[in-house]
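**Student:** Got coords20.cif for you, mmCIF, C-alpha atoms:
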```cif
data_my_file
#
loop_
_atom_site.label_atom_id
_atom_site.label_comp_id
_atom_site.auth_asym_id
_atom_site.auth_seq_id
_atom_site.Cartn_x
_atom_site.Cartn_y
_atom_site.Cartn_z
CA MET E 553 -29.41 14.51 8.85
CA ALA E 554 -25.63 14.66 9.32
CA ASN E 555 -25.43 10.85 9.54
CA LEU E 556 -27.55 10.45 6.41
CA ILE E 557 -25.35 12.86 4.46
CA SER E 558 -22.22 11.04 5.66
CA TRP E 559 -23.75 7.74 4.54
CA ILE E 560 -24.50 9.15 1.09
CA ASN E 561 -21.03 10.66 0.78
CA ILE E 562 -19.15 7.49 1.61
CA ALA E 563 -21.53 5.43 -0.56
CA VAL E 564 -20.87 7.69 -3.56
CA VAL E 565 -17.09 7.53 -3.16
CA PHE E 566 -17.18 3.77 -2.54
CA GLY E 567 -19.51 3.27 -5.48
CA SER E 568 -17.38 5.40 -7.81
CA ILE E 569 -14.42 3.08 -7.23
CA VAL E 570 -16.61 0.13 -8.16
CA LEU E 571 -17.94 2.13 -11.14
CA PHE E 572 -14.48 2.44 -12.72
CA GLY E 573 -14.06 -1.32 -12.53
CA ALA E 574 -17.55 -2.01 -13.86
CA VAL E 575 -17.17 0.28 -16.89
CA GLY E 576 -13.78 -1.21 -17.72
CA GLU E 577 -15.07 -4.77 -17.39
CA THR E 578 -18.16 -3.95 -19.46
CA LEU E 579 -16.01 -2.78 -22.39
CA THR E 580 -13.96 -5.96 -22.07
CA GLU E 581 -16.99 -8.24 -21.96
CA LYS E 582 -18.67 -6.47 -24.88
CA ALA E 583 -15.78 -7.83 -26.95
CA GLY E 584 -16.49 -11.35 -25.69
CA ASN E 585 -13.66 -11.49 -23.13
CA LEU E 586 -14.65 -12.50 -19.61
CA ASN E 587 -11.78 -11.01 -17.64
CA LEU E 588 -11.90 -12.33 -14.08
CA GLY E 589 -8.51 -10.72 -13.60
CA THR E 590 -10.25 -7.43 -12.74
CA PRO E 591 -9.20 -7.55 -9.04
CA GLY E 592 -5.56 -8.07 -9.96
CA ILE E 593 -5.66 -5.30 -12.55
CA MET E 594 -7.29 -2.84 -10.16
CA CYS E 595 -4.71 -3.68 -7.51
CA MET E 596 -1.88 -3.12 -10.01
CA GLY E 597 -3.39 0.23 -10.98
CA GLY E 598 -3.75 1.32 -7.36
CA ALA E 599 -0.25 0.23 -6.35
CA PHE E 600 1.62 1.63 -9.34
CA GLY E 601 -0.44 4.83 -9.40
CA PHE E 602 0.36 5.37 -5.72
CA VAL E 603 4.05 4.57 -6.19
CA GLY E 604 4.23 6.94 -9.16
CA ALA E 605 2.64 9.79 -7.21
CA TYR E 606 4.74 9.06 -4.12
CA LEU E 607 8.05 8.98 -5.99
CA TYR E 608 7.14 12.13 -7.89
CA GLU E 609 6.28 14.23 -4.85
CA THR E 610 9.26 12.99 -2.83
CA SER E 611 11.76 13.57 -5.63
CA VAL E 612 10.62 17.07 -6.65
CA GLY E 613 11.20 20.02 -4.40
CA ASN E 614 8.05 21.86 -5.47
CA PRO E 615 5.59 19.30 -6.95
CA ASN E 616 3.02 20.49 -9.45
CA ALA E 617 -0.62 19.45 -8.96
CA PHE E 618 -1.28 18.74 -12.64
CA MET E 619 1.89 16.68 -13.03
CA CYS E 620 1.05 14.72 -9.89
CA ILE E 621 -2.37 13.82 -11.30
CA LEU E 622 -0.87 12.99 -14.69
CA VAL E 623 1.81 10.73 -13.20
CA ALA E 624 -0.62 8.89 -10.92
CA LEU E 625 -3.37 8.35 -13.49
CA GLY E 626 -0.98 7.76 -16.40
CA THR E 627 1.07 5.17 -14.51
CA ALA E 628 -2.04 3.37 -13.29
CA PHE E 629 -3.66 3.32 -16.73
CA ILE E 630 -0.55 2.11 -18.55
CA VAL E 631 0.30 -0.65 -16.08
CA SER E 632 -3.31 -1.83 -15.93
CA ALA E 633 -3.53 -1.79 -19.73
CA LEU E 634 -0.41 -3.98 -19.81
CA GLY E 635 -2.27 -6.40 -17.56
CA GLY E 636 -5.08 -6.41 -20.11
CA LEU E 637 -2.48 -6.98 -22.84
CA ILE E 638 -1.22 -10.08 -21.06
CA TYR E 639 -4.78 -11.37 -20.77
CA SER E 640 -5.48 -10.62 -24.44
CA PHE E 641 -2.33 -12.36 -25.64
CA LEU E 642 -3.12 -15.49 -23.66
CA THR E 643 -6.83 -15.70 -24.52
CA THR E 644 -7.08 -14.13 -27.98
CA THR E 645 -3.78 -15.15 -29.55
CA LEU E 646 -3.00 -18.37 -27.68
CA HIS E 647 -6.69 -19.27 -27.05
CA ALA E 648 -6.10 -20.07 -23.38
CA ASN E 649 -9.14 -20.67 -21.18
CA GLN E 650 -10.53 -17.27 -20.21
CA ASN E 651 -11.67 -18.23 -16.72
CA VAL E 652 -8.36 -19.79 -15.75
CA THR E 653 -6.38 -16.92 -17.29
CA GLY E 654 -8.46 -14.30 -15.48
CA LEU E 655 -8.16 -15.95 -12.08
CA THR E 656 -4.43 -16.41 -12.58
CA LEU E 657 -4.12 -12.73 -13.50
CA THR E 658 -5.93 -11.83 -10.28
CA ILE E 659 -3.41 -13.77 -8.20
CA PHE E 660 -0.51 -12.31 -10.17
CA GLY E 661 -1.81 -8.74 -10.12
CA VAL E 662 -2.60 -8.65 -6.41
CA GLY E 663 0.82 -10.10 -5.60
CA LEU E 664 2.61 -7.69 -7.93
CA GLY E 665 0.68 -4.72 -6.57
CA LYS E 666 1.46 -5.66 -2.97
CA PHE E 667 5.16 -6.09 -3.78
CA PHE E 668 5.63 -2.70 -5.43
CA GLY E 669 3.32 -0.90 -3.02
CA THR E 670 5.18 -2.31 -0.04
CA TYR E 671 8.50 -1.44 -1.69
CA VAL E 672 8.10 2.26 -0.83
CA ILE E 673 7.05 1.63 2.79
CA PRO E 674 9.90 2.70 5.12
CA LYS E 675 11.72 -0.14 6.85
CA GLY E 676 9.99 -1.14 10.06
CA ALA E 677 6.73 0.68 9.19
CA VAL E 678 3.42 -0.86 8.13
CA SER E 679 2.26 1.95 5.85
CA THR E 680 3.32 5.09 4.00
CA LYS E 681 1.44 8.11 2.68
CA ALA E 682 1.54 10.38 -0.35
CA ASP E 683 0.50 13.62 1.33
CA PHE E 684 0.63 16.01 -1.64
CA ALA E 685 -1.21 13.63 -3.98
CA THR E 686 -3.84 13.03 -1.32
CA LYS E 687 -4.43 16.76 -0.97
CA ILE E 688 -4.93 17.09 -4.73
CA PHE E 689 -7.14 14.03 -5.17
CA ARG E 690 -9.34 14.84 -2.16
CA ALA E 691 -9.74 18.56 -2.94
CA ARG E 692 -13.40 19.62 -3.04
CA ILE E 693 -15.06 22.33 -5.13
CA PRO E 694 -14.80 25.26 -2.65
CA PHE E 695 -17.81 27.43 -3.48
CA LEU E 696 -20.26 24.68 -4.44
CA SER E 697 -19.47 22.41 -1.50
CA ASP E 698 -19.36 25.19 1.14
CA LYS E 699 -22.11 27.61 0.09
CA LEU E 700 -25.01 25.38 -0.99
CA GLY E 701 -25.83 23.75 2.31
CA VAL E 702 -27.21 20.21 2.14
CA VAL E 703 -27.23 20.23 -1.67
CA GLY E 704 -23.55 21.11 -1.69
CA ASP E 705 -22.76 18.43 0.89
CA ILE E 706 -24.49 15.74 -1.17
CA LEU E 707 -23.51 16.72 -4.73
CA PHE E 708 -20.17 18.51 -4.52
CA SER E 709 -18.26 17.18 -1.50
CA TYR E 710 -16.02 14.90 -3.56
CA GLY E 711 -12.69 14.89 -5.31
CA PHE E 712 -12.45 15.14 -9.08
CA MET E 713 -12.22 11.36 -9.55
CA MET E 714 -15.88 10.91 -8.66
CA TYR E 715 -16.93 13.21 -11.49
CA LEU E 716 -14.41 11.55 -13.80
CA ALA E 717 -16.10 8.21 -13.10
CA LEU E 718 -19.46 9.68 -14.19
CA ILE E 719 -17.94 11.07 -17.38
CA VAL E 720 -16.27 7.75 -18.21
CA ALA E 721 -19.53 5.82 -17.69
CA ILE E 722 -21.54 8.22 -19.87
CA CYS E 723 -18.89 8.28 -22.60
CA ALA E 724 -18.73 4.47 -22.60
CA THR E 725 -22.49 4.30 -23.07
CA LEU E 726 -22.43 6.79 -25.95
CA PHE E 727 -19.51 4.92 -27.51
CA LEU E 728 -21.27 1.54 -27.38
CA THR E 729 -24.65 2.78 -28.60
CA LYS E 730 -23.99 5.79 -30.86
CA THR E 731 -20.75 5.11 -32.72
CA ARG E 732 -19.90 2.73 -35.51
CA THR E 733 -16.82 1.50 -33.67
CA GLY E 734 -18.93 0.71 -30.62
CA LEU E 735 -21.45 -1.21 -32.72
CA ASN E 736 -18.58 -3.15 -34.31
CA LEU E 737 -17.30 -3.99 -30.83
CA ARG E 738 -20.69 -5.29 -29.79
CA ALA E 739 -20.86 -7.36 -32.99
CA VAL E 740 -17.54 -8.96 -32.09
CA GLY E 741 -18.90 -9.91 -28.68
CA GLU E 742 -22.14 -11.30 -30.08
CA ASN E 743 -20.87 -13.26 -33.08
CA PRO E 744 -17.18 -12.91 -33.95
CA ALA E 745 -17.48 -15.15 -37.02
CA THR E 746 -20.15 -12.94 -38.57
CA ALA E 747 -18.20 -9.80 -37.63
CA ASP E 748 -15.07 -11.29 -39.21
CA ALA E 749 -16.97 -12.11 -42.40
CA ALA E 750 -18.17 -8.49 -42.51
CA GLY E 751 -14.58 -7.26 -42.54
CA ILE E 752 -14.24 -6.37 -38.84
CA ASN E 753 -10.81 -7.15 -37.36
CA VAL E 754 -11.90 -9.32 -34.44
CA THR E 755 -8.44 -9.63 -32.91
CA LYS E 756 -7.86 -5.86 -32.94
CA TYR E 757 -11.19 -5.13 -31.28
CA LYS E 758 -10.63 -7.76 -28.59
CA TYR E 759 -7.16 -6.44 -27.81
CA LEU E 760 -8.16 -2.77 -27.73
CA ALA E 761 -11.35 -3.29 -25.72
CA THR E 762 -9.55 -5.41 -23.13
CA CYS E 763 -6.52 -3.12 -22.80
CA ILE E 764 -8.55 0.11 -22.61
CA GLY E 765 -11.09 -1.51 -20.30
CA SER E 766 -8.28 -2.71 -18.03
CA GLY E 767 -6.77 0.79 -18.01
CA ILE E 768 -10.09 2.25 -16.85
CA THR E 769 -10.34 -0.45 -14.19
CA GLY E 770 -6.91 0.53 -12.88
CA LEU E 771 -8.12 4.09 -12.29
CA GLY E 772 -10.45 2.70 -9.64
CA GLY E 773 -7.42 1.44 -7.74
CA VAL E 774 -5.82 4.88 -7.76
CA TYR E 775 -9.07 6.42 -6.55
CA TYR E 776 -9.20 3.92 -3.70
CA ILE E 777 -5.70 4.70 -2.47
CA LEU E 778 -5.36 8.44 -3.04
CA ASP E 779 -8.89 9.47 -2.04
CA TYR E 780 -10.88 6.75 -0.27
CA SER E 781 -7.89 5.59 1.85
CA LYS E 782 -6.58 9.15 2.25
CA GLY E 783 -3.39 8.46 0.31
CA THR E 784 -2.18 5.66 2.55
CA TRP E 785 -0.73 2.42 1.22
CA ALA E 786 -0.62 -0.29 3.89
CA THR E 787 0.35 -3.95 3.76
CA ALA E 788 -3.34 -4.92 3.53
CA SER E 789 -4.31 -2.39 0.84
CA GLY E 790 -4.10 -4.91 -2.01
CA THR E 791 -6.61 -7.25 -0.37
CA ALA E 792 -9.03 -4.37 0.23
CA ILE E 793 -8.86 -3.28 -3.43
CA GLU E 794 -9.42 -6.88 -4.51
CA SER E 795 -12.71 -7.09 -2.59
CA LEU E 796 -14.05 -3.94 -4.27
CA ALA E 797 -13.01 -5.20 -7.69
CA TRP E 798 -15.12 -8.33 -7.25
CA LEU E 799 -18.04 -6.00 -6.59
CA SER E 800 -17.29 -4.39 -9.96
CA VAL E 801 -17.66 -7.76 -11.67
CA ALA E 802 -20.95 -8.31 -9.85
CA LEU E 803 -22.14 -4.81 -10.84
CA VAL E 804 -21.65 -5.58 -14.55
CA ILE E 805 -24.13 -8.43 -14.21
CA PHE E 806 -26.43 -6.38 -11.99
CA VAL E 807 -26.85 -3.60 -14.58
CA ARG E 808 -26.99 -6.03 -17.52
CA TRP E 809 -23.88 -4.74 -19.30
CA ARG E 810 -25.10 -1.12 -19.49
CA PRO E 811 -22.45 1.36 -18.27
CA VAL E 812 -24.84 4.26 -17.67
CA HIS E 813 -26.97 2.13 -15.34
CA ALA E 814 -23.81 1.22 -13.46
CA ILE E 815 -23.85 4.77 -12.06
CA TRP E 816 -26.91 4.30 -9.87
CA GLY E 817 -26.08 0.63 -9.37
CA SER E 818 -22.67 1.49 -7.92
CA TYR E 819 -24.19 4.00 -5.49
CA LEU E 820 -26.78 1.41 -4.43
CA PHE E 821 -23.97 -1.04 -3.77
CA GLY E 822 -22.23 1.61 -1.67
CA LEU E 823 -25.35 2.31 0.39
CA CYS E 824 -25.88 -1.41 0.98
CA TYR E 825 -22.25 -2.05 1.85
CA TRP E 826 -22.14 0.67 4.50
CA ALA E 827 -25.64 0.04 5.85
CA TYR E 828 -24.25 -1.76 8.91
CA GLN E 829 -22.52 1.42 10.09
CA PHE E 830 -25.12 4.09 9.31
CA LEU E 831 -28.54 2.41 9.60
CA PRO E 832 -28.32 2.25 13.42
CA LYS E 833 -27.54 5.99 13.49
CA VAL E 834 -30.14 7.03 10.90
CA ILE E 835 -33.18 4.92 11.82
CA GLY E 836 -32.03 3.11 14.96
CA ILE E 837 -31.98 -0.39 13.44
CA LYS E 838 -28.94 -2.50 14.25
CA VAL E 839 -27.60 -4.47 11.28
CA ASN E 840 -25.19 -7.37 11.33
CA THR E 841 -21.93 -6.28 9.66
CA ASP E 842 -21.27 -9.47 7.71
CA LEU E 843 -24.85 -9.80 6.51
CA ALA E 844 -24.96 -6.17 5.36
CA LYS E 845 -21.80 -6.59 3.29
CA MET E 846 -23.46 -9.55 1.54
CA ILE E 847 -26.40 -7.47 0.30
CA PRO E 848 -24.85 -6.29 -3.02
CA TYR E 849 -24.01 -9.86 -3.98
CA VAL E 850 -27.44 -11.16 -2.97
CA ILE E 851 -29.12 -8.43 -5.05
CA THR E 852 -26.94 -9.37 -8.03
CA ILE E 853 -27.95 -13.02 -7.75
CA LEU E 854 -31.65 -12.09 -7.59
CA VAL E 855 -31.35 -9.84 -10.64
CA LEU E 856 -29.55 -12.60 -12.52
CA ILE E 857 -32.31 -15.08 -11.69
CA ILE E 858 -35.13 -12.69 -12.64
CA SER E 859 -33.53 -11.57 -15.90
CA SER E 860 -32.79 -15.18 -16.86
CA MET E 861 -36.45 -16.08 -16.32
CA ARG E 862 -37.57 -13.20 -18.55
CA LYS E 863 -35.29 -14.43 -21.36
CA SER E 864 -35.07 -10.99 -22.92
CA LYS E 865 -32.16 -10.64 -25.35
CA ASP E 866 -31.52 -7.11 -24.13
CA ASN E 867 -30.84 -8.44 -20.64
CA GLN E 868 -28.43 -11.19 -21.64
CA ALA E 869 -24.65 -11.26 -21.74
CA PRO E 870 -22.85 -11.05 -25.11
CA ALA E 871 -23.42 -14.35 -26.86
CA SER E 872 -19.73 -15.21 -27.26
CA LEU E 873 -18.70 -14.11 -23.76
CA GLY E 874 -15.99 -16.38 -22.40
CA LEU E 875 -15.55 -18.28 -25.68
CA SER E 876 -12.37 -18.31 -27.74
CA TYR E 877 -12.70 -17.49 -31.44
CA PHE E 878 -10.99 -19.83 -33.88
CA ARG E 879 -10.99 -18.17 -37.29
CA GLU E 880 -10.24 -21.41 -39.14
CA GLU E 881 -13.59 -22.80 -37.93
CA ARG E 882 -15.55 -19.95 -39.48
#
```
Would you write the structure of this file as structure tokens?
**Tutor:**
Amino acid sequence: MANLISWINIAVVFGSIVLFGAVGETLTEKAGNLNLGTPGIMCMGGAFGFVGAYLYETSVGNPNAFMCILVALGTAFIVSALGGLIYSFLTTTLHANQNVTGLTLTIFGVGLGKFFGTYVIPKGAVSTKADFATKIFRARIPFLSDKLGVVGDILFSYGFMMYLALIVAICATLFLTKTRTGLNLRAVGENPATADAAGINVTKYKYLATCIGSGITGLGGVYYILDYSKGTWATASGTAIESLAWLSVALVIFVRWRPVHAIWGSYLFGLCYWAYQFLPKVIGIKVNTDLAKMIPYVITILVLIISSMRKSKDNQAPASLGLSYFREER
């Protein structure tokens, strides 16, 4: 039972990181922007959020928990949103190819994140740690996690970022399905010419959706460093964040652009990813490490094939996804 609970716990934390990226990318793609720069943006968010928290706690004699959280999340969100702004300017204003721009942003973002994250590592060391921020981000709910036995271990043994990921996913779903602004955003992603003719500012929606979506994606990077990695930034941290961010892109396709479904989808990805370590302990079946880590991607491919065969409009990507909008051709 202990091994099963540990498997669920690590899968939920792992999946919540992916969930931030998936929700952010979903908002971006609903506006018709295919941002393959998600890994770079998440790495930028993780690096700058860590650096912000680290510099705050080392420069203040008595750091405040709320200010530490505000600095880490605020820095990550703003820097990641700036990454989305760069993408938006190149693809929406200059009409650059979205695929090329996104991949270039990934290379740029990972490199930038590694540079600034490594900047605070002491000379001669390979890693550094933000101890105070880690304590705050990994703090559990005392009564619920300690007094409810197995239920507490499964539902409440997490830092606040896991619950924030759930709230963000639910709010994104309500925004896209229950608000006029969300419906306008979806219209922009489906047919920007028609939306433009109806008086919707296509450029504004594309910019805002991409910048806000990128900011949310960056929060996943902070969660990875200050909780999942126990507050440690190492020279290889950027590459690790990049691999999880690609899972976020895959998750968007897996759940068919529905943020609320990304909740269970992200946890499924986490269970599959860590199957190689816990399946032998839980049911005594040895699993090849490399093959187990492929499972989330294989599942995504199968879902993509099945949904394409069904040809249901509800299961398809936004019609203008990846395409530049030229207003003069309307």
**Student:** Evaluate the PyMOL selection byres ((chain E and resi 609) around 12) and record the selected residues as a ChimeraX atom specification, following the chain and residue labels used in the document.
**Tutor:** /E:602-608,610-621,623-624,681-688
**Student:** Can you give me, as a ChimeraX atom specification, the residues this file yields under the PyMOL selection byres ((chain E and resi 780-797) around 6)?
**Tutor:** /E:591,595,662,666,678-682,686,776-779,798-800
**Student:** Do you have the atom CA of E:Ala628-atom CA of E:Leu571 distance handy?
**Tutor:** 16.1 Å
**Student:** Rounded to one decimal in Å, what is the spacing between atom CA of E:Thr658 and atom CA of E:Ile593?
**Tutor:** 6.9 Å
**Student:** How would you write, as a PDB file with C-alpha atoms, in the frame of the given file, the residues chosen by the PyMOL selection byres ((chain E and resi 585) around 8) on this structure?
**Tutor:**
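Saved to expr.pdb:
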```pdb
ATOM      1  CA  THR E 580     -13.960  -5.960 -22.070  1.00  0.00           C
ATOM      2  CA  GLU E 581     -16.990  -8.240 -21.960  1.00  0.00           C
ATOM      3  CA  LYS E 582     -18.670  -6.470 -24.880  1.00  0.00           C
ATOM      4  CA  ALA E 583     -15.780  -7.830 -26.950  1.00  0.00           C
ATOM      5  CA  GLY E 584     -16.490 -11.350 -25.690  1.00  0.00           C
ATOM      6  CA  LEU E 586     -14.650 -12.500 -19.610  1.00  0.00           C
ATOM      7  CA  ASN E 587     -11.780 -11.010 -17.640  1.00  0.00           C
ATOM      8  CA  GLN E 650     -10.530 -17.270 -20.210  1.00  0.00           C
ATOM      9  CA  GLY E 741     -18.900  -9.910 -28.680  1.00  0.00           C
ATOM     10  CA  LYS E 758     -10.630  -7.760 -28.590  1.00  0.00           C
ATOM     11  CA  THR E 762      -9.550  -5.410 -23.130  1.00  0.00           C
ATOM     12  CA  LEU E 873     -18.700 -14.110 -23.760  1.00  0.00           C
ATOM     13  CA  GLY E 874     -15.990 -16.380 -22.400  1.00  0.00           C
ATOM     14  CA  LEU E 875     -15.550 -18.280 -25.680  1.00  0.00           C
TER      15      LEU E 875
END
```
**Student:** Rounded to one decimal place, report the atom CA of E:Leu579-atom CA of E:Gly765 distance in Å.
**Tutor:**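 Going from atom CA of E:Leu579 over to atom CA of E:Gly765, I get 5.5 Å.
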**Student:** Closest to E:Val740 among E:Ala599, E:Ala802, E:Met714, E:Ala871, using all atoms listed in the file?
**Tutor:**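 Among E:Ala599, E:Ala802, E:Met714, E:Ala871, it is E:Ala871 that comes nearest to E:Val740.
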**Student:** Can you pull out the residues contacting E:Ile569? Cut-off 8 Å, using only C-alpha atoms, and skip same-chain residues under 2 positions away; I want them as a VMD selection string.
**Tutor:** chain E and resid 565 to 567 571 to 573 717 772 to 773 775 to 776 796
**Student:** What would stretch 585-595 of chain E look like with all heavy atoms in place, written as a PDB file, keeping the file's coordinate frame?
**Tutor:**
```
ATOM      1  N   ASN E 585     -14.683 -11.035 -24.082  1.00  0.00           N
ATOM      2  CA  ASN E 585     -13.660 -11.490 -23.130  1.00  0.00           C
ATOM      3  C   ASN E 585     -14.168 -11.378 -21.706  1.00  0.00           C
ATOM      4  O   ASN E 585     -14.493 -10.276 -21.248  1.00  0.00           O
ATOM      5  CB  ASN E 585     -12.378 -10.662 -23.289  1.00  0.00           C
ATOM      6  CG  ASN E 585     -11.605 -11.009 -24.534  1.00  0.00           C
ATOM      7  OD1 ASN E 585     -11.813 -12.064 -25.134  1.00  0.00           O
ATOM      8  ND2 ASN E 585     -10.703 -10.141 -24.940  1.00  0.00           N
ATOM      9  N   LEU E 586     -14.237 -12.493 -21.015  1.00  0.00           N
ATOM     10  CA  LEU E 586     -14.650 -12.500 -19.610  1.00  0.00           C
ATOM     11  C   LEU E 586     -13.389 -12.424 -18.754  1.00  0.00           C
ATOM     12  O   LEU E 586     -12.738 -13.435 -18.482  1.00  0.00           O
ATOM     13  CB  LEU E 586     -15.436 -13.774 -19.295  1.00  0.00           C
ATOM     14  CG  LEU E 586     -15.897 -13.949 -17.837  1.00  0.00           C
ATOM     15  CD1 LEU E 586     -16.816 -12.814 -17.412  1.00  0.00           C
ATOM     16  CD2 LEU E 586     -16.593 -15.293 -17.656  1.00  0.00           C
ATOM     17  N   ASN E 587     -13.033 -11.219 -18.359  1.00  0.00           N
ATOM     18  CA  ASN E 587     -11.780 -11.010 -17.640  1.00  0.00           C
ATOM     19  C   ASN E 587     -12.009 -11.045 -16.130  1.00  0.00           C
ATOM     20  O   ASN E 587     -12.346 -10.035 -15.514  1.00  0.00           O
ATOM     21  CB  ASN E 587     -11.152  -9.675 -18.044  1.00  0.00           C
ATOM     22  CG  ASN E 587      -9.766  -9.495 -17.458  1.00  0.00           C
ATOM     23  OD1 ASN E 587      -9.242 -10.388 -16.800  1.00  0.00           O
ATOM     24  ND2 ASN E 587      -9.169  -8.347 -17.703  1.00  0.00           N
ATOM     25  N   LEU E 588     -11.794 -12.199 -15.528  1.00  0.00           N
ATOM     26  CA  LEU E 588     -11.900 -12.330 -14.080  1.00  0.00           C
ATOM     27  C   LEU E 588     -10.617 -11.892 -13.391  1.00  0.00           C
ATOM     28  O   LEU E 588     -10.467 -12.085 -12.192  1.00  0.00           O
ATOM     29  CB  LEU E 588     -12.230 -13.781 -13.717  1.00  0.00           C
ATOM     30  CG  LEU E 588     -13.584 -14.295 -14.216  1.00  0.00           C
ATOM     31  CD1 LEU E 588     -13.806 -15.742 -13.788  1.00  0.00           C
ATOM     32  CD2 LEU E 588     -14.729 -13.425 -13.709  1.00  0.00           C
ATOM     33  N   GLY E 589      -9.720 -11.295 -14.171  1.00  0.00           N
ATOM     34  CA  GLY E 589      -8.510 -10.720 -13.600  1.00  0.00           C
ATOM     35  C   GLY E 589      -8.703  -9.284 -13.143  1.00  0.00           C
ATOM     36  O   GLY E 589      -7.739  -8.617 -12.765  1.00  0.00           O
ATOM     37  N   THR E 590      -9.946  -8.799 -13.149  1.00  0.00           N
ATOM     38  CA  THR E 590     -10.250  -7.430 -12.740  1.00  0.00           C
ATOM     39  C   THR E 590      -9.666  -7.059 -11.367  1.00  0.00           C
ATOM     40  O   THR E 590      -9.089  -5.975 -11.214  1.00  0.00           O
ATOM     41  CB  THR E 590     -11.767  -7.189 -12.753  1.00  0.00           C
ATOM     42  OG1 THR E 590     -12.240  -7.305 -14.102  1.00  0.00           O
ATOM     43  CG2 THR E 590     -12.121  -5.807 -12.230  1.00  0.00           C
ATOM     44  N   PRO E 591      -9.790  -7.915 -10.342  1.00  0.00           N
ATOM     45  CA  PRO E 591      -9.200  -7.550  -9.040  1.00  0.00           C
ATOM     46  C   PRO E 591      -7.697  -7.350  -9.112  1.00  0.00           C
ATOM     47  O   PRO E 591      -7.163  -6.410  -8.510  1.00  0.00           O
ATOM     48  CB  PRO E 591      -9.562  -8.761  -8.149  1.00  0.00           C
ATOM     49  CG  PRO E 591     -10.785  -9.338  -8.786  1.00  0.00           C
ATOM     50  CD  PRO E 591     -10.577  -9.166 -10.251  1.00  0.00           C
ATOM     51  N   GLY E 592      -6.994  -8.221  -9.830  1.00  0.00           N
ATOM     52  CA  GLY E 592      -5.560  -8.070  -9.960  1.00  0.00           C
ATOM     53  C   GLY E 592      -5.180  -6.803 -10.710  1.00  0.00           C
ATOM     54  O   GLY E 592      -4.230  -6.104 -10.347  1.00  0.00           O
ATOM     55  N   ILE E 593      -5.934  -6.500 -11.751  1.00  0.00           N
ATOM     56  CA  ILE E 593      -5.660  -5.300 -12.550  1.00  0.00           C
ATOM     57  C   ILE E 593      -5.923  -4.040 -11.745  1.00  0.00           C
ATOM     58  O   ILE E 593      -5.146  -3.079 -11.787  1.00  0.00           O
ATOM     59  CB  ILE E 593      -6.501  -5.324 -13.837  1.00  0.00           C
ATOM     60  CG1 ILE E 593      -5.961  -6.403 -14.790  1.00  0.00           C
ATOM     61  CG2 ILE E 593      -6.501  -3.959 -14.523  1.00  0.00           C
ATOM     62  CD1 ILE E 593      -6.816  -6.636 -16.003  1.00  0.00           C
ATOM     63  N   MET E 594      -7.002  -4.014 -10.979  1.00  0.00           N
ATOM     64  CA  MET E 594      -7.290  -2.840 -10.160  1.00  0.00           C
ATOM     65  C   MET E 594      -6.233  -2.659  -9.076  1.00  0.00           C
ATOM     66  O   MET E 594      -5.840  -1.527  -8.756  1.00  0.00           O
ATOM     67  CB  MET E 594      -8.679  -2.949  -9.523  1.00  0.00           C
ATOM     68  CG  MET E 594      -9.096  -1.686  -8.771  1.00  0.00           C
ATOM     69  SD  MET E 594     -10.763  -1.741  -8.071  1.00  0.00           S
ATOM     70  CE  MET E 594     -11.769  -1.549  -9.555  1.00  0.00           C
ATOM     71  N   CYS E 595      -5.762  -3.764  -8.524  1.00  0.00           N
ATOM     72  CA  CYS E 595      -4.710  -3.680  -7.510  1.00  0.00           C
ATOM     73  C   CYS E 595      -3.414  -3.163  -8.115  1.00  0.00           C
ATOM     74  O   CYS E 595      -2.718  -2.334  -7.515  1.00  0.00           O
ATOM     75  CB  CYS E 595      -4.493  -5.056  -6.883  1.00  0.00           C
ATOM     76  SG  CYS E 595      -3.350  -5.043  -5.485  1.00  0.00           S
TER      77      CYS E 595
END
```
